[in-house]
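Colleague: The structure follows.
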Amino acid sequence: EAGVAQSPRYKIIEKRQSVAFWCNPISGHATLYWYQQILGQGPKLLIQFQNNGVVDDSQLPKDRFSAERLKGVDSTLKIQPAKLEDSAVYLCATALAQGVYNEQFFGPGTRLTVL
Amino acid sequence: ILNVEQSPQSLHVQEGDSTNFTCSFPSSNFYALHWYRWETAKSPEALFVMTLNGDEKKKGRISATLNTKEGYSYLYIKGSQPEDSATYLCASPNDYKLSFGAGTTVTVRA
(Lines give C-alpha, C1' and ligand atoms only; values in the text may rest on other atoms or scores of the structure.)
Protein backbone atom coordinates (compact mmCIF):
# COMPACT_ATOMS: atom_id res chain seq x y z
CA GLU A 1 0.00 0.00 0.00
CA ALA A 2 1.12 3.56 -0.61
CA GLY A 3 2.56 5.32 2.40
CA VAL A 4 1.87 8.71 3.92
CA ALA A 5 2.80 11.47 1.49
CA GLN A 6 4.03 14.88 2.55
CA SER A 7 5.06 17.97 0.62
CA PRO A 8 7.19 19.91 0.31
CA ARG A 9 10.15 17.94 1.64
CA TYR A 10 12.17 21.07 2.36
CA LYS A 11 11.24 24.72 2.82
CA ILE A 12 13.31 27.77 3.64
CA ILE A 13 11.55 31.00 4.55
CA GLU A 14 12.31 34.22 6.35
CA LYS A 15 10.77 35.04 9.70
CA ARG A 16 7.33 36.59 9.56
CA GLN A 17 6.56 34.81 6.29
CA SER A 18 3.83 32.20 5.97
CA VAL A 19 4.21 28.54 5.07
CA ALA A 20 1.91 25.57 4.53
CA PHE A 21 2.55 21.84 4.62
CA TRP A 22 0.40 19.16 3.05
CA CYS A 23 -0.23 15.56 4.09
CA ASN A 24 -2.01 12.77 2.26
CA PRO A 25 -2.74 9.79 4.54
CA ILE A 26 -2.87 6.10 3.82
CA SER A 27 -6.27 5.27 2.37
CA GLY A 28 -8.75 4.39 5.08
CA HIS A 29 -6.75 5.81 7.97
CA ALA A 30 -9.17 7.83 10.07
CA THR A 31 -6.66 9.25 12.53
CA LEU A 32 -4.10 11.86 11.49
CA TYR A 33 -1.39 13.48 13.58
CA TRP A 34 0.95 16.43 13.01
CA TYR A 35 4.19 16.38 14.98
CA GLN A 36 6.96 18.96 15.32
CA GLN A 37 10.47 17.65 15.82
CA ILE A 38 13.04 20.24 16.85
CA LEU A 39 16.68 19.22 16.46
CA GLY A 40 17.84 17.20 19.45
CA GLN A 41 14.31 16.55 20.74
CA GLY A 42 11.69 13.90 20.17
CA PRO A 43 8.63 14.57 18.01
CA LYS A 44 5.97 16.60 19.82
CA LEU A 45 2.30 16.23 18.95
CA LEU A 46 0.77 19.45 17.61
CA ILE A 47 -2.69 18.27 16.61
CA GLN A 48 -4.67 15.05 16.22
CA PHE A 49 -7.65 14.59 13.89
CA GLN A 50 -10.22 11.82 13.89
CA ASN A 51 -11.73 11.96 10.41
CA ASN A 52 -12.24 15.72 9.97
CA GLY A 53 -12.69 16.56 13.65
CA VAL A 54 -9.99 17.78 16.04
CA VAL A 55 -9.33 15.40 18.95
CA ASP A 56 -6.40 17.18 20.59
CA ASP A 57 -4.79 20.51 19.75
CA SER A 58 -3.61 21.37 23.25
CA GLN A 59 0.02 21.80 22.15
CA LEU A 60 -0.70 23.76 18.97
CA PRO A 61 0.39 27.43 19.21
CA LYS A 62 -2.92 28.70 17.97
CA ASP A 63 -1.79 32.30 17.61
CA ARG A 64 0.31 31.31 14.61
CA PHE A 65 -0.40 27.68 13.72
CA SER A 66 -3.55 26.34 12.12
CA ALA A 67 -4.49 22.98 10.67
CA GLU A 68 -7.43 21.52 8.86
CA ARG A 69 -8.47 18.17 7.45
CA LEU A 70 -11.22 18.77 4.97
CA LYS A 71 -13.37 15.76 4.07
CA GLY A 72 -11.39 13.66 6.52
CA VAL A 73 -8.62 12.85 4.07
CA ASP A 74 -5.80 15.31 3.20
CA SER A 75 -4.59 17.74 5.81
CA THR A 76 -2.71 21.02 5.77
CA LEU A 77 -0.72 22.67 8.52
CA LYS A 78 -0.05 26.40 8.26
CA ILE A 79 2.27 28.74 10.12
CA GLN A 80 1.56 32.46 9.89
CA PRO A 81 3.80 34.32 10.70
CA ALA A 82 6.80 32.06 11.17
CA LYS A 83 9.36 32.58 13.90
CA LEU A 84 12.97 31.42 14.10
CA GLU A 85 12.02 28.82 16.72
CA ASP A 86 9.64 27.16 14.25
CA SER A 87 12.64 25.66 12.43
CA ALA A 88 11.98 21.93 12.73
CA VAL A 89 10.88 18.81 10.89
CA TYR A 90 7.11 18.58 10.62
CA LEU A 91 5.92 15.00 10.52
CA CYS A 92 2.51 13.75 9.52
CA ALA A 93 1.42 10.35 10.81
CA THR A 94 -1.76 8.37 10.34
CA ALA A 95 -3.40 5.35 11.93
CA LEU A 96 -6.39 3.15 11.24
CA ALA A 97 -7.96 4.32 14.49
CA GLN A 98 -7.10 6.47 17.46
CA GLY A 99 -5.63 4.93 20.55
CA VAL A 100 -2.17 4.60 22.02
CA TYR A 101 -1.95 0.90 21.14
CA ASN A 102 -2.15 1.52 17.42
CA GLU A 103 0.90 1.70 15.22
CA GLN A 104 1.36 5.07 13.55
CA PHE A 105 2.55 5.35 9.96
CA PHE A 106 4.73 8.37 9.28
CA GLY A 107 5.44 10.42 6.22
CA PRO A 108 8.99 11.53 5.40
CA GLY A 109 8.47 14.96 6.97
CA THR A 110 8.98 18.54 5.85
CA ARG A 111 12.17 20.17 7.03
CA LEU A 112 11.48 23.88 7.66
CA THR A 113 14.24 26.42 8.08
CA VAL A 114 13.26 29.91 9.21
CA LEU A 115 15.94 32.54 8.63
CA ILE B 1 10.76 9.40 35.57
CA LEU B 2 8.42 12.11 34.34
CA ASN B 3 9.28 11.98 30.66
CA VAL B 4 10.47 9.44 28.14
CA GLU B 5 14.25 9.40 28.12
CA GLN B 6 16.68 7.54 25.89
CA SER B 7 20.33 6.75 26.37
CA PRO B 8 22.84 7.03 25.02
CA GLN B 9 22.11 9.93 22.68
CA SER B 10 24.37 8.37 20.04
CA LEU B 11 26.63 5.41 19.59
CA HIS B 12 29.02 4.02 17.01
CA VAL B 13 29.19 0.30 16.35
CA GLN B 14 31.57 -1.73 14.27
CA GLU B 15 29.90 -3.82 11.58
CA GLY B 16 29.16 -7.26 12.93
CA ASP B 17 29.10 -6.19 16.58
CA SER B 18 25.96 -6.26 18.69
CA THR B 19 24.66 -3.32 20.66
CA ASN B 20 21.79 -2.24 22.85
CA PHE B 21 20.33 0.95 24.25
CA THR B 22 17.69 2.05 26.71
CA CYS B 23 14.34 3.78 26.84
CA SER B 24 13.06 4.90 30.26
CA PHE B 25 9.45 5.90 30.77
CA PRO B 26 7.01 6.63 33.61
CA SER B 27 6.01 3.28 35.12
CA SER B 28 2.75 4.54 36.62
CA ASN B 29 -0.37 4.26 34.43
CA PHE B 30 1.54 2.36 31.75
CA TYR B 31 -0.35 1.61 28.54
CA ALA B 32 2.14 0.86 25.77
CA LEU B 33 5.68 1.38 24.56
CA HIS B 34 6.43 2.05 20.90
CA TRP B 35 9.78 1.71 19.12
CA TYR B 36 10.40 3.42 15.77
CA ARG B 37 13.39 3.44 13.43
CA TRP B 38 14.11 6.62 11.47
CA GLU B 39 16.67 6.43 8.70
CA THR B 40 18.01 9.65 7.24
CA ALA B 41 15.78 11.10 4.52
CA LYS B 42 13.15 8.41 5.09
CA SER B 43 9.95 8.06 7.10
CA PRO B 44 10.03 6.82 10.68
CA GLU B 45 9.05 3.15 10.62
CA ALA B 46 7.34 1.27 13.43
CA LEU B 47 9.37 -1.58 14.88
CA PHE B 48 7.36 -2.72 17.89
CA VAL B 49 4.34 -1.84 20.02
CA MET B 50 4.74 -3.49 23.40
CA THR B 51 2.16 -3.69 26.15
CA LEU B 52 2.90 -6.56 28.55
CA ASN B 53 5.50 -6.61 31.32
CA GLY B 54 8.25 -9.06 30.41
CA ASP B 55 7.29 -8.97 26.76
CA GLU B 56 9.98 -9.63 24.20
CA LYS B 57 9.57 -8.88 20.51
CA LYS B 58 11.85 -9.65 17.60
CA LYS B 59 12.11 -8.45 14.00
CA GLY B 60 15.05 -9.91 12.14
CA ARG B 61 18.21 -8.98 14.01
CA ILE B 62 16.43 -6.40 16.17
CA SER B 63 14.70 -7.31 19.41
CA ALA B 64 13.23 -5.46 22.37
CA THR B 65 12.34 -6.21 25.96
CA LEU B 66 9.94 -4.45 28.29
CA ASN B 67 9.89 -3.94 32.06
CA THR B 68 6.78 -1.95 32.96
CA LYS B 69 7.31 -2.20 36.73
CA GLU B 70 10.63 -0.37 36.65
CA GLY B 71 9.85 1.65 33.52
CA TYR B 72 12.43 0.67 30.94
CA SER B 73 12.80 -1.06 27.61
CA TYR B 74 15.95 -2.26 25.89
CA LEU B 75 16.40 -2.48 22.15
CA TYR B 76 19.05 -4.88 20.88
CA ILE B 77 20.70 -5.07 17.47
CA LYS B 78 22.53 -8.32 16.83
CA GLY B 79 25.35 -8.37 14.28
CA SER B 80 24.99 -4.72 13.26
CA GLN B 81 24.97 -3.93 9.55
CA PRO B 82 25.38 -0.54 7.81
CA GLU B 83 21.66 -0.52 7.03
CA ASP B 84 20.96 -0.46 10.77
CA SER B 85 22.33 3.09 10.90
CA ALA B 86 19.36 5.20 12.00
CA THR B 87 17.83 7.06 14.88
CA TYR B 88 15.77 4.80 17.11
CA LEU B 89 12.87 6.51 18.87
CA CYS B 90 10.76 5.18 21.69
CA ALA B 91 7.42 6.61 22.77
CA SER B 92 4.98 6.03 25.60
CA PRO B 93 1.54 7.55 26.14
CA ASN B 94 1.25 10.58 28.39
CA ASP B 95 -2.23 12.03 28.79
CA TYR B 96 -3.45 9.77 25.95
CA LYS B 97 -0.92 11.02 23.41
CA LEU B 98 2.46 9.56 22.53
CA SER B 99 5.41 11.21 24.26
CA PHE B 100 8.63 10.55 22.37
CA GLY B 101 12.18 10.32 23.60
CA ALA B 102 14.90 12.27 21.81
CA GLY B 103 16.22 9.10 20.21
CA THR B 104 19.42 7.11 20.06
CA THR B 105 21.36 7.62 16.83
CA VAL B 106 23.23 4.49 15.79
CA THR B 107 26.07 4.65 13.28
CA VAL B 108 27.41 1.34 12.03
CA ARG B 109 30.97 1.55 10.71
CA ALA B 110 32.02 -0.87 7.99
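Each chain in the C-alpha coordinates gets a letter, A, B, ..., in the order shown, and its residues are numbered from 1; ligands are numbered from 1 in order too.
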Taking a cut-off of 10 Å and counting only C-alpha atoms, can you build a table that, for each residue of chain B near chain A, reports the nearest atom pair and how far apart they are in Å (one decimal), sorted by chain then residue number, as a tab-separated table?

Modeller:
```
residue	atom	partner	partner_atom	distance
B:Val4	CA	A:Gly42	CA	9.2
B:Glu5	CA	A:Gly42	CA	9.5
B:Gln6	CA	A:Gly42	CA	9.9
B:Gln9	CA	A:Gly40	CA	9.0
B:Tyr31	CA	A:Val100	CA	7.4
B:Ala32	CA	A:Tyr101	CA	6.2
B:Leu33	CA	A:Tyr101	CA	8.4
B:His34	CA	A:Glu103	CA	7.9
B:Trp35	CA	A:Glu103	CA	9.7
B:Tyr36	CA	A:Gln104	CA	9.5
B:Trp38	CA	A:Pro108	CA	9.3
B:Glu39	CA	A:Pro108	CA	9.8
B:Thr40	CA	A:Pro108	CA	9.4
B:Ala41	CA	A:Pro108	CA	6.9
B:Lys42	CA	A:Pro108	CA	5.2
B:Ser43	CA	A:Pro108	CA	4.0
B:Pro44	CA	A:Phe106	CA	5.7
B:Glu45	CA	A:Phe105	CA	6.9
B:Ala46	CA	A:Glu103	CA	6.7
B:Leu47	CA	A:Glu103	CA	9.1
B:Phe48	CA	A:Glu103	CA	8.3
B:Val49	CA	A:Glu103	CA	6.9
B:Met50	CA	A:Tyr101	CA	8.3
B:Thr51	CA	A:Tyr101	CA	7.9
B:Leu89	CA	A:Gly42	CA	7.6
B:Cys90	CA	A:Gly42	CA	8.9
B:Ala91	CA	A:Gly42	CA	8.8
B:Ser92	CA	A:Val100	CA	8.1
B:Pro93	CA	A:Val100	CA	6.3
B:Asn94	CA	A:Val100	CA	9.4
B:Tyr96	CA	A:Val100	CA	6.6
B:Lys97	CA	A:Val100	CA	6.7
B:Leu98	CA	A:Val100	CA	6.8
B:Ser99	CA	A:Lys44	CA	7.0
B:Phe100	CA	A:Gly42	CA	5.0
B:Gly101	CA	A:Gly42	CA	5.0
B:Ala102	CA	A:Gly42	CA	4.0
B:Gly103	CA	A:Gly42	CA	6.6
```

Colleague: Please list as a PyMOL selection string every residue within 7 Å of Gln81 in chain B, counting only C-alpha atoms and excluding residues in the same chain fewer than 2 positions away.

Modeller: chain B and resi 15-16+79+83-84+108

Colleague: So which residues touch Gly72 in chain A within 7 Å, counting only C-alpha atoms, skipping near sequence neighbours fewer than 2 positions away, as a list in words?

Modeller: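 Counting only the stated atoms, we get Asn51, Asn52, Arg69, Leu70 and Asp74 of chain A.
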
Colleague: Put those residues in a file: N, CA and C atoms, as a PDB file, in the first residue's frame.

Modeller:
```
ATOM      1  N   ASN A  51     -11.022  11.548  11.616  1.00  0.00           N
ATOM      2  CA  ASN A  51     -11.734  11.964  10.407  1.00  0.00           C
ATOM      3  C   ASN A  51     -11.488  13.463  10.220  1.00  0.00           C
ATOM      4  N   ASN A  52     -12.515  14.303  10.164  1.00  0.00           N
ATOM      5  CA  ASN A  52     -12.240  15.723   9.975  1.00  0.00           C
ATOM      6  C   ASN A  52     -12.418  16.544  11.239  1.00  0.00           C
ATOM      7  N   ARG A  69      -8.405  19.457   8.146  1.00  0.00           N
ATOM      8  CA  ARG A  69      -8.471  18.174   7.453  1.00  0.00           C
ATOM      9  C   ARG A  69      -9.856  18.094   6.824  1.00  0.00           C
ATOM     10  N   LEU A  70      -9.955  18.717   5.673  1.00  0.00           N
ATOM     11  CA  LEU A  70     -11.218  18.772   4.973  1.00  0.00           C
ATOM     12  C   LEU A  70     -11.573  17.387   4.446  1.00  0.00           C
ATOM     13  N   ASP A  74      -7.020  14.502   3.173  1.00  0.00           N
ATOM     14  CA  ASP A  74      -5.804  15.311   3.202  1.00  0.00           C
ATOM     15  C   ASP A  74      -5.854  16.327   4.335  1.00  0.00           C
TER      16      ASP A  74
END
```

Colleague: What is the CA of Tyr74 in chain B to CA of Thr19 in chain B distance in Å?

Modeller: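 Rounded to one decimal, the two atoms are 10.2 Å apart.
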